[in-house]
Amino acid sequence: TLRLVVFDLDYTVWKPEMFQLCGAPRLVKGSSIGLSKADVKQARTNQRGMVLVDGDKRTVPITVFDGASFALAEIERLRQEGQNLTMACFSFLSSRQAFALAEIERLRQEGHQVYAAVASRCDETEYADICLKHLVIHGGKTLQECFQDRVQIDPYSDKTHHLQRLHEQTGIPFENMCFFDNEIWNIRCVSKLGVKSIYTPDGMTTEAW
């Protein structure tokens with residue numbers, strides 16, 4: 001049963017990659033750099049009408065891949081449904097304990113207790129933090145709200161170490177994880193842990209999800 005969905009960041013969740021920027025991401029009005037309303041929506045942030053751009057060039061907005069936005073929104077939907085149904089089950093615990101516990105286990109088996117996490121070797125960690133804080137997915141949640149504290153960003157560790165730390169943090173076994181990355185060598189090394197790993201060379205897509 002899938003319990004933890006782990007994403008790389010650069011060119012998996014967003015583009016461009018942080019090392020391609022000339023300065024720290026900065027919020028600007030989309031209209032001030034000639035973006036259409038559709039372009040602003042594509043690069044939406046938690047500040048209305050604002051987009052994140054390269055702090056020096058200020059021309060190309062930083063955007064979340066549609067597939068990443070779709071996947072994270074689905075994870076949030078499943079998690080919220082699970083929380084709502086679990087609370088309803090707990091209300092039966094006093095009189096119908098066996099039924100309630102069975103329902104909670106069923107929700108877990110059906111994937112309603114699934115979480116999103118990050119495993120990234122991004123070498124501009126401060127830039128990544130800005131993007132996590134401001135970029136939003138379908139439905140309006142920020143990336144930071146989606147991933148919460150399940151974020152491993154370390155340019156000096158390979159992805160197996162990231163996944164190991166996420167396993168230690170969450171207690172979720174490797175066989176209950178999946179991993180998305182645009183670099184094939186990361187896919188190969190993480191696969192050896194027993195994690196289902198999906199190669200996304202063109203960024204996260206809805207088809208990959």
# chains A, B, ... in the order shown; residues from 1 in each chain; ligands from 1
>>> select_by_dssp(residues="segment 7-77 of chain A", states="helix (DSSP H, G or I)", output="list in words")
Met18, Phe19, Gln20, Gly30, Ser31, Ser32, Ile33, Lys37, Ala38, Asp39, Val40, Lys41, Gln42, Asp66, Gly67, Ala68, Ser69, Phe70, Ala71, Leu72, Ala73, Glu74, Ile75, Glu76 and Arg77 of chain A
>>> write_last_selection(atoms="N, CA, C and O atoms", output="short mmCIF file (atom, residue, chain, number, x, y, z; two decimals), in the first residue's frame")
data_model
loop_
_atom_site.label_atom_id
_atom_site.label_comp_id
_atom_site.auth_asym_id
_atom_site.auth_seq_id
_atom_site.Cartn_x
_atom_site.Cartn_y
_atom_site.Cartn_z
N MET A 18 17.22 25.44 -9.75
CA MET A 18 17.71 26.55 -8.94
C MET A 18 19.13 26.99 -9.33
O MET A 18 19.46 28.17 -9.26
N PHE A 19 19.97 26.06 -9.79
CA PHE A 19 21.33 26.44 -10.15
C PHE A 19 21.36 27.30 -11.41
O PHE A 19 22.35 27.97 -11.70
N GLN A 20 20.25 27.31 -12.16
CA GLN A 20 20.17 28.12 -13.37
C GLN A 20 19.84 29.58 -13.08
O GLN A 20 19.96 30.42 -13.97
N GLY A 30 3.02 39.75 -12.03
CA GLY A 30 3.12 39.10 -13.33
C GLY A 30 2.95 40.07 -14.47
O GLY A 30 3.64 39.98 -15.50
N SER A 31 2.06 41.04 -14.31
CA SER A 31 1.81 42.02 -15.38
C SER A 31 3.02 42.91 -15.61
O SER A 31 3.20 43.44 -16.72
N SER A 32 3.86 43.07 -14.59
CA SER A 32 5.02 43.96 -14.73
C SER A 32 6.10 43.38 -15.63
O SER A 32 6.99 44.11 -16.09
N ILE A 33 6.04 42.06 -15.90
CA ILE A 33 7.03 41.45 -16.80
C ILE A 33 6.35 40.92 -18.06
O ILE A 33 6.89 40.07 -18.77
N LYS A 37 -2.70 36.71 -18.17
CA LYS A 37 -3.39 36.13 -17.02
C LYS A 37 -3.20 34.62 -16.96
O LYS A 37 -3.06 34.05 -15.88
N ALA A 38 -3.18 33.99 -18.13
CA ALA A 38 -2.97 32.54 -18.17
C ALA A 38 -1.58 32.18 -17.68
O ALA A 38 -1.39 31.19 -16.96
N ASP A 39 -0.58 32.99 -18.06
CA ASP A 39 0.79 32.74 -17.62
C ASP A 39 0.93 32.94 -16.11
O ASP A 39 1.64 32.19 -15.43
N VAL A 40 0.27 33.96 -15.59
CA VAL A 40 0.30 34.22 -14.15
C VAL A 40 -0.34 33.06 -13.39
O VAL A 40 0.17 32.62 -12.35
N LYS A 41 -1.44 32.54 -13.94
CA LYS A 41 -2.11 31.39 -13.31
C LYS A 41 -1.19 30.18 -13.30
O LYS A 41 -1.13 29.42 -12.33
N GLN A 42 -0.46 29.98 -14.39
CA GLN A 42 0.45 28.84 -14.50
C GLN A 42 1.57 28.94 -13.47
O GLN A 42 2.05 27.93 -12.95
N ASP A 66 2.61 20.88 -14.23
CA ASP A 66 1.20 20.51 -14.07
C ASP A 66 1.04 19.15 -13.42
O ASP A 66 0.15 18.94 -12.57
N GLY A 67 1.89 18.20 -13.80
CA GLY A 67 1.80 16.86 -13.22
C GLY A 67 2.09 16.84 -11.74
O GLY A 67 1.45 16.11 -10.98
N ALA A 68 3.04 17.66 -11.30
CA ALA A 68 3.36 17.75 -9.88
C ALA A 68 2.20 18.37 -9.11
O ALA A 68 1.82 17.91 -8.03
N SER A 69 1.64 19.43 -9.69
CA SER A 69 0.50 20.08 -9.05
C SER A 69 -0.68 19.12 -8.93
O SER A 69 -1.33 19.03 -7.88
N PHE A 70 -0.93 18.37 -10.00
CA PHE A 70 -2.03 17.40 -10.00
C PHE A 70 -1.81 16.31 -8.95
O PHE A 70 -2.71 15.98 -8.17
N ALA A 71 -0.61 15.75 -8.92
CA ALA A 71 -0.30 14.67 -7.99
C ALA A 71 -0.42 15.14 -6.54
O ALA A 71 -1.02 14.45 -5.69
N LEU A 72 0.14 16.30 -6.25
CA LEU A 72 0.09 16.81 -4.87
C LEU A 72 -1.33 17.15 -4.45
O LEU A 72 -1.71 16.93 -3.29
N ALA A 73 -2.13 17.67 -5.38
CA ALA A 73 -3.53 17.94 -5.07
C ALA A 73 -4.29 16.65 -4.77
O ALA A 73 -5.14 16.60 -3.88
N GLU A 74 -3.98 15.58 -5.52
CA GLU A 74 -4.61 14.29 -5.28
C GLU A 74 -4.22 13.72 -3.92
O GLU A 74 -5.05 13.16 -3.20
N ILE A 75 -2.95 13.86 -3.57
CA ILE A 75 -2.48 13.39 -2.27
C ILE A 75 -3.19 14.15 -1.15
O ILE A 75 -3.65 13.55 -0.16
N GLU A 76 -3.30 15.46 -1.32
CA GLU A 76 -4.00 16.27 -0.31
C GLU A 76 -5.46 15.86 -0.20
O GLU A 76 -6.01 15.78 0.90
N ARG A 77 -6.10 15.59 -1.34
CA ARG A 77 -7.51 15.19 -1.33
C ARG A 77 -7.69 13.87 -0.59
O ARG A 77 -8.58 13.73 0.27
#
>>> residues_around(residues="Asp129 of chain A", least_positions_apart="5", cutoff="9 Å", atoms="only C-alpha atoms", output="PDB file with all heavy atoms, in the first residue's frame")
ATOM      1  N   GLU A 124      21.116  25.063  -4.090  1.00  0.00           N
ATOM      2  CA  GLU A 124      20.718  26.398  -3.637  1.00  0.00           C
ATOM      3  C   GLU A 124      19.542  26.228  -2.678  1.00  0.00           C
ATOM      4  O   GLU A 124      18.392  26.471  -3.011  1.00  0.00           O
ATOM      5  CB  GLU A 124      20.339  27.284  -4.825  1.00  0.00           C
ATOM      6  CG  GLU A 124      21.462  27.556  -5.806  1.00  0.00           C
ATOM      7  CD  GLU A 124      22.533  28.496  -5.241  1.00  0.00           C
ATOM      8  OE1 GLU A 124      22.337  29.024  -4.134  1.00  0.00           O
ATOM      9  OE2 GLU A 124      23.561  28.690  -5.913  1.00  0.00           O
ATOM     10  N   HIS A 134       6.283  29.872  -1.368  1.00  0.00           N
ATOM     11  CA  HIS A 134       5.379  30.702  -2.171  1.00  0.00           C
ATOM     12  C   HIS A 134       4.650  29.991  -3.304  1.00  0.00           C
ATOM     13  O   HIS A 134       3.523  30.372  -3.636  1.00  0.00           O
ATOM     14  CB  HIS A 134       6.145  31.890  -2.753  1.00  0.00           C
ATOM     15  CG  HIS A 134       6.571  32.889  -1.730  1.00  0.00           C
ATOM     16  ND1 HIS A 134       5.675  33.652  -1.007  1.00  0.00           N
ATOM     17  CD2 HIS A 134       7.808  33.254  -1.300  1.00  0.00           C
ATOM     18  CE1 HIS A 134       6.333  34.453  -0.178  1.00  0.00           C
ATOM     19  NE2 HIS A 134       7.627  34.228  -0.328  1.00  0.00           N
ATOM     20  N   GLN A 144       5.038  24.063   0.587  1.00  0.00           N
ATOM     21  CA  GLN A 144       5.449  23.867   1.984  1.00  0.00           C
ATOM     22  C   GLN A 144       4.337  23.201   2.779  1.00  0.00           C
ATOM     23  O   GLN A 144       4.593  22.303   3.597  1.00  0.00           O
ATOM     24  CB  GLN A 144       5.815  25.216   2.599  1.00  0.00           C
ATOM     25  CG  GLN A 144       6.488  25.138   3.949  1.00  0.00           C
ATOM     26  CD  GLN A 144       6.965  26.513   4.395  1.00  0.00           C
ATOM     27  OE1 GLN A 144       6.163  27.390   4.677  1.00  0.00           O
ATOM     28  NE2 GLN A 144       8.267  26.699   4.418  1.00  0.00           N
TER      29      GLN A 144
END
>>> residues_around(residues="Asp56 of chain A", least_positions_apart="3", cutoff="10 Å", atoms="only C-alpha atoms", output="VMD selection string")
chain A and resid 21 to 26 53 59
>>> write_last_selection(atoms="N, CA, C and O atoms", output="mmCIF file, in the first residue's frame")
data_model
loop_
_atom_site.group_PDB
_atom_site.id
_atom_site.type_symbol
_atom_site.label_atom_id
_atom_site.label_comp_id
_atom_site.auth_asym_id
_atom_site.auth_seq_id
_atom_site.Cartn_x
_atom_site.Cartn_y
_atom_site.Cartn_z
ATOM 1 N N LEU A 21 19.451 29.872 -11.850
ATOM 2 C CA LEU A 21 19.083 31.242 -11.493
ATOM 3 C C LEU A 21 20.330 32.082 -11.227
ATOM 4 O O LEU A 21 21.346 31.578 -10.755
ATOM 5 N N CYS A 22 20.219 33.371 -11.520
ATOM 6 C CA CYS A 22 21.332 34.294 -11.263
ATOM 7 C C CYS A 22 21.216 34.973 -9.907
ATOM 8 O O CYS A 22 22.163 35.613 -9.439
ATOM 9 N N GLY A 23 20.070 34.860 -9.284
ATOM 10 C CA GLY A 23 19.861 35.456 -7.966
ATOM 11 C C GLY A 23 18.698 34.784 -7.271
ATOM 12 O O GLY A 23 17.960 34.001 -7.881
ATOM 13 N N ALA A 24 18.521 35.066 -5.995
ATOM 14 C CA ALA A 24 17.450 34.450 -5.215
ATOM 15 C C ALA A 24 16.086 34.785 -5.814
ATOM 16 O O ALA A 24 15.858 35.916 -6.270
ATOM 17 N N PRO A 25 15.164 33.818 -5.858
ATOM 18 C CA PRO A 25 13.825 34.081 -6.392
ATOM 19 C C PRO A 25 13.175 35.271 -5.688
ATOM 20 O O PRO A 25 13.308 35.442 -4.475
ATOM 21 N N ARG A 26 12.459 36.067 -6.480
ATOM 22 C CA ARG A 26 11.823 37.276 -5.948
ATOM 23 C C ARG A 26 10.403 37.368 -6.479
ATOM 24 O O ARG A 26 10.127 37.039 -7.633
ATOM 25 N N VAL A 53 10.327 35.016 -9.787
ATOM 26 C CA VAL A 53 11.241 35.101 -10.923
ATOM 27 C C VAL A 53 12.676 35.074 -10.422
ATOM 28 O O VAL A 53 12.947 35.258 -9.231
ATOM 29 N N THR A 59 12.748 37.788 -15.640
ATOM 30 C CA THR A 59 11.986 37.635 -16.880
ATOM 31 C C THR A 59 11.230 36.323 -16.929
ATOM 32 O O THR A 59 10.046 36.297 -17.263
#
>>> closest_residue(among="A:Phe7, A:Tyr199, A:Phe65, A:Tyr127", to="Tyr115 of chain A", atoms="only C-alpha atoms")
A:Phe7
>>> residues_around(residues="Arg150 of chain A", least_positions_apart="2", cutoff="6 Å", atoms="only C-alpha atoms", output="ChimeraX atom specification")
/A:117,147-148
>>> atom_distance(atom1="atom CA of Gln80 of chain A", atom2="atom CA of Gln113 of chain A")
8.8 Å
>>> select_by_dssp(residues="segment 147-178 of chain A", states="strand (DSSP E or B)", output="PDB file with all heavy atoms, in the first residue's frame")
ATOM      1  N   VAL A 151      10.873  17.034   4.396  1.00  0.00           N
ATOM      2  CA  VAL A 151      11.704  17.646   3.359  1.00  0.00           C
ATOM      3  C   VAL A 151      13.171  17.347   3.635  1.00  0.00           C
ATOM      4  O   VAL A 151      13.707  17.721   4.685  1.00  0.00           O
ATOM      5  CB  VAL A 151      11.486  19.172   3.293  1.00  0.00           C
ATOM      6  CG1 VAL A 151      12.439  19.813   2.291  1.00  0.00           C
ATOM      7  CG2 VAL A 151      10.043  19.497   2.930  1.00  0.00           C
ATOM      8  N   GLN A 152      13.803  16.651   2.694  1.00  0.00           N
ATOM      9  CA  GLN A 152      15.228  16.364   2.771  1.00  0.00           C
ATOM     10  C   GLN A 152      15.918  17.049   1.587  1.00  0.00           C
ATOM     11  O   GLN A 152      15.770  16.617   0.448  1.00  0.00           O
ATOM     12  CB  GLN A 152      15.482  14.861   2.736  1.00  0.00           C
ATOM     13  CG  GLN A 152      14.987  14.107   3.947  1.00  0.00           C
ATOM     14  CD  GLN A 152      15.775  14.448   5.201  1.00  0.00           C
ATOM     15  OE1 GLN A 152      16.953  14.777   5.135  1.00  0.00           O
ATOM     16  NE2 GLN A 152      15.110  14.366   6.346  1.00  0.00           N
ATOM     17  N   ILE A 153      16.613  18.153   1.866  1.00  0.00           N
ATOM     18  CA  ILE A 153      17.377  18.857   0.836  1.00  0.00           C
ATOM     19  C   ILE A 153      18.830  18.885   1.281  1.00  0.00           C
ATOM     20  O   ILE A 153      19.167  19.517   2.278  1.00  0.00           O
ATOM     21  CB  ILE A 153      16.867  20.296   0.619  1.00  0.00           C
ATOM     22  CG1 ILE A 153      15.379  20.301   0.255  1.00  0.00           C
ATOM     23  CG2 ILE A 153      17.680  20.988  -0.479  1.00  0.00           C
ATOM     24  CD1 ILE A 153      14.792  21.692   0.089  1.00  0.00           C
ATOM     25  N   MET A 177       6.673   3.181  -0.360  1.00  0.00           N
ATOM     26  CA  MET A 177       7.018   4.492  -0.915  1.00  0.00           C
ATOM     27  C   MET A 177       7.086   4.417  -2.428  1.00  0.00           C
ATOM     28  O   MET A 177       7.279   3.339  -3.011  1.00  0.00           O
ATOM     29  CB  MET A 177       8.394   4.948  -0.411  1.00  0.00           C
ATOM     30  CG  MET A 177       8.535   5.110   1.084  1.00  0.00           C
ATOM     31  SD  MET A 177      10.228   5.700   1.465  1.00  0.00           S
ATOM     32  CE  MET A 177      10.217   5.603   3.252  1.00  0.00           C
ATOM     33  N   CYS A 178       6.931   5.576  -3.069  1.00  0.00           N
ATOM     34  CA  CYS A 178       7.321   5.705  -4.469  1.00  0.00           C
ATOM     35  C   CYS A 178       8.091   7.009  -4.623  1.00  0.00           C
ATOM     36  O   CYS A 178       8.002   7.905  -3.772  1.00  0.00           O
ATOM     37  CB  CYS A 178       6.128   5.626  -5.418  1.00  0.00           C
ATOM     38  SG  CYS A 178       5.057   7.068  -5.404  1.00  0.00           S
TER      39      CYS A 178
END
>>> residues_around(residues="Leu135 of chain A", least_positions_apart="3", cutoff="9 Å", atoms="only C-alpha atoms", output="count of residues only")
16
>>> atom_distance(atom1="atom CA of Cys122 of chain A", atom2="atom CA of Leu4 of chain A")
20.5 Å
>>> decode(residues="segment 4-15 of chain A", atoms="all heavy atoms", output="CSV table (one decimal), in the first residue's frame")
chain,number,residue,atom,x,y,z
A,4,LEU,N,3.9,6.9,1.2
A,4,LEU,CA,4.7,8.1,1.1
A,4,LEU,C,5.1,8.3,-0.4
A,4,LEU,O,5.7,7.4,-1.0
A,4,LEU,CB,6.0,7.9,2.0
A,4,LEU,CG,6.8,9.2,2.1
A,4,LEU,CD1,6.0,10.3,2.9
A,4,LEU,CD2,8.1,8.9,2.8
A,5,VAL,N,4.8,9.4,-0.9
A,5,VAL,CA,5.2,9.8,-2.3
A,5,VAL,C,6.3,10.8,-2.2
A,5,VAL,O,6.1,11.9,-1.7
A,5,VAL,CB,4.0,10.3,-3.1
A,5,VAL,CG1,4.5,10.6,-4.5
A,5,VAL,CG2,2.8,9.4,-3.0
A,6,VAL,N,7.5,10.5,-2.7
A,6,VAL,CA,8.7,11.3,-2.6
A,6,VAL,C,9.0,11.9,-3.9
A,6,VAL,O,9.1,11.3,-4.9
A,6,VAL,CB,9.9,10.5,-2.0
A,6,VAL,CG1,11.1,11.4,-1.8
A,6,VAL,CG2,9.5,9.7,-0.8
A,7,PHE,N,9.2,13.3,-3.9
A,7,PHE,CA,9.5,14.0,-5.1
A,7,PHE,C,10.9,14.7,-5.1
A,7,PHE,O,11.3,15.2,-4.0
A,7,PHE,CB,8.5,15.1,-5.3
A,7,PHE,CG,7.1,14.7,-5.5
A,7,PHE,CD1,6.3,14.5,-4.4
A,7,PHE,CD2,6.6,14.5,-6.8
A,7,PHE,CE1,4.9,14.1,-4.6
A,7,PHE,CE2,5.3,14.1,-7.0
A,7,PHE,CZ,4.4,13.9,-5.9
A,8,ASP,N,11.6,14.6,-6.1
A,8,ASP,CA,12.8,15.5,-6.4
A,8,ASP,C,12.1,16.9,-6.6
A,8,ASP,O,11.0,17.0,-6.9
A,8,ASP,CB,13.6,15.0,-7.6
A,8,ASP,CG,14.6,16.0,-8.0
A,8,ASP,OD1,15.4,16.5,-7.1
A,8,ASP,OD2,14.8,16.2,-9.2
A,9,LEU,N,12.9,17.9,-6.5
A,9,LEU,CA,12.4,19.3,-6.8
A,9,LEU,C,12.8,19.8,-8.1
A,9,LEU,O,11.9,20.0,-9.0
A,9,LEU,CB,12.9,20.2,-5.7
A,9,LEU,CG,12.3,20.0,-4.3
A,9,LEU,CD1,13.0,20.9,-3.2
A,9,LEU,CD2,10.8,20.1,-4.2
A,10,ASP,N,14.1,20.1,-8.4
A,10,ASP,CA,14.5,20.7,-9.6
A,10,ASP,C,14.2,19.9,-10.8
A,10,ASP,O,14.6,18.7,-11.0
A,10,ASP,CB,16.0,20.9,-9.6
A,10,ASP,CG,16.4,22.2,-8.8
A,10,ASP,OD1,15.5,23.0,-8.5
A,10,ASP,OD2,17.6,22.3,-8.4
A,11,TYR,N,13.4,20.4,-11.7
A,11,TYR,CA,12.9,19.8,-12.9
A,11,TYR,C,12.2,18.5,-12.7
A,11,TYR,O,12.1,17.7,-13.7
A,11,TYR,CB,14.1,19.6,-14.0
A,11,TYR,CG,13.6,20.0,-15.4
A,11,TYR,CD1,13.4,21.3,-15.8
A,11,TYR,CD2,13.2,18.9,-16.3
A,11,TYR,CE1,12.9,21.6,-17.0
A,11,TYR,CE2,12.7,19.2,-17.5
A,11,TYR,CZ,12.6,20.5,-17.9
A,11,TYR,OH,12.1,20.8,-19.1
A,12,THR,N,11.6,18.4,-11.6
A,12,THR,CA,10.6,17.3,-11.3
A,12,THR,C,9.3,18.0,-10.8
A,12,THR,O,8.3,17.8,-11.3
A,12,THR,CB,11.1,16.3,-10.3
A,12,THR,OG1,12.3,15.6,-10.8
A,12,THR,CG2,10.0,15.2,-10.0
A,13,VAL,N,9.5,18.8,-9.7
A,13,VAL,CA,8.3,19.6,-9.2
A,13,VAL,C,8.3,20.9,-9.9
A,13,VAL,O,7.2,21.4,-10.3
A,13,VAL,CB,8.4,19.7,-7.7
A,13,VAL,CG1,7.4,20.8,-7.2
A,13,VAL,CG2,8.2,18.4,-7.0
A,14,TRP,N,9.4,21.6,-10.1
A,14,TRP,CA,9.4,22.9,-10.7
A,14,TRP,C,10.5,23.1,-11.8
A,14,TRP,O,11.4,22.3,-11.9
A,14,TRP,CB,9.5,24.0,-9.6
A,14,TRP,CG,10.8,24.0,-8.8
A,14,TRP,CD1,12.1,23.9,-9.3
A,14,TRP,CD2,10.8,24.0,-7.4
A,14,TRP,NE1,12.9,23.9,-8.2
A,14,TRP,CE2,12.2,24.0,-7.0
A,14,TRP,CE3,9.9,24.1,-6.4
A,14,TRP,CZ2,12.7,24.0,-5.7
A,14,TRP,CZ3,10.4,24.1,-5.0
A,14,TRP,CH2,11.7,24.1,-4.7
A,15,LYS,N,10.3,24.2,-12.5
A,15,LYS,CA,11.4,24.6,-13.4
A,15,LYS,C,11.4,26.2,-13.4
A,15,LYS,O,10.4,26.8,-13.1
A,15,LYS,CB,11.1,24.1,-14.9
A,15,LYS,CG,9.7,24.6,-15.4
A,15,LYS,CD,9.5,24.2,-16.9
A,15,LYS,CE,8.2,24.7,-17.4
A,15,LYS,NZ,7.9,24.3,-18.8
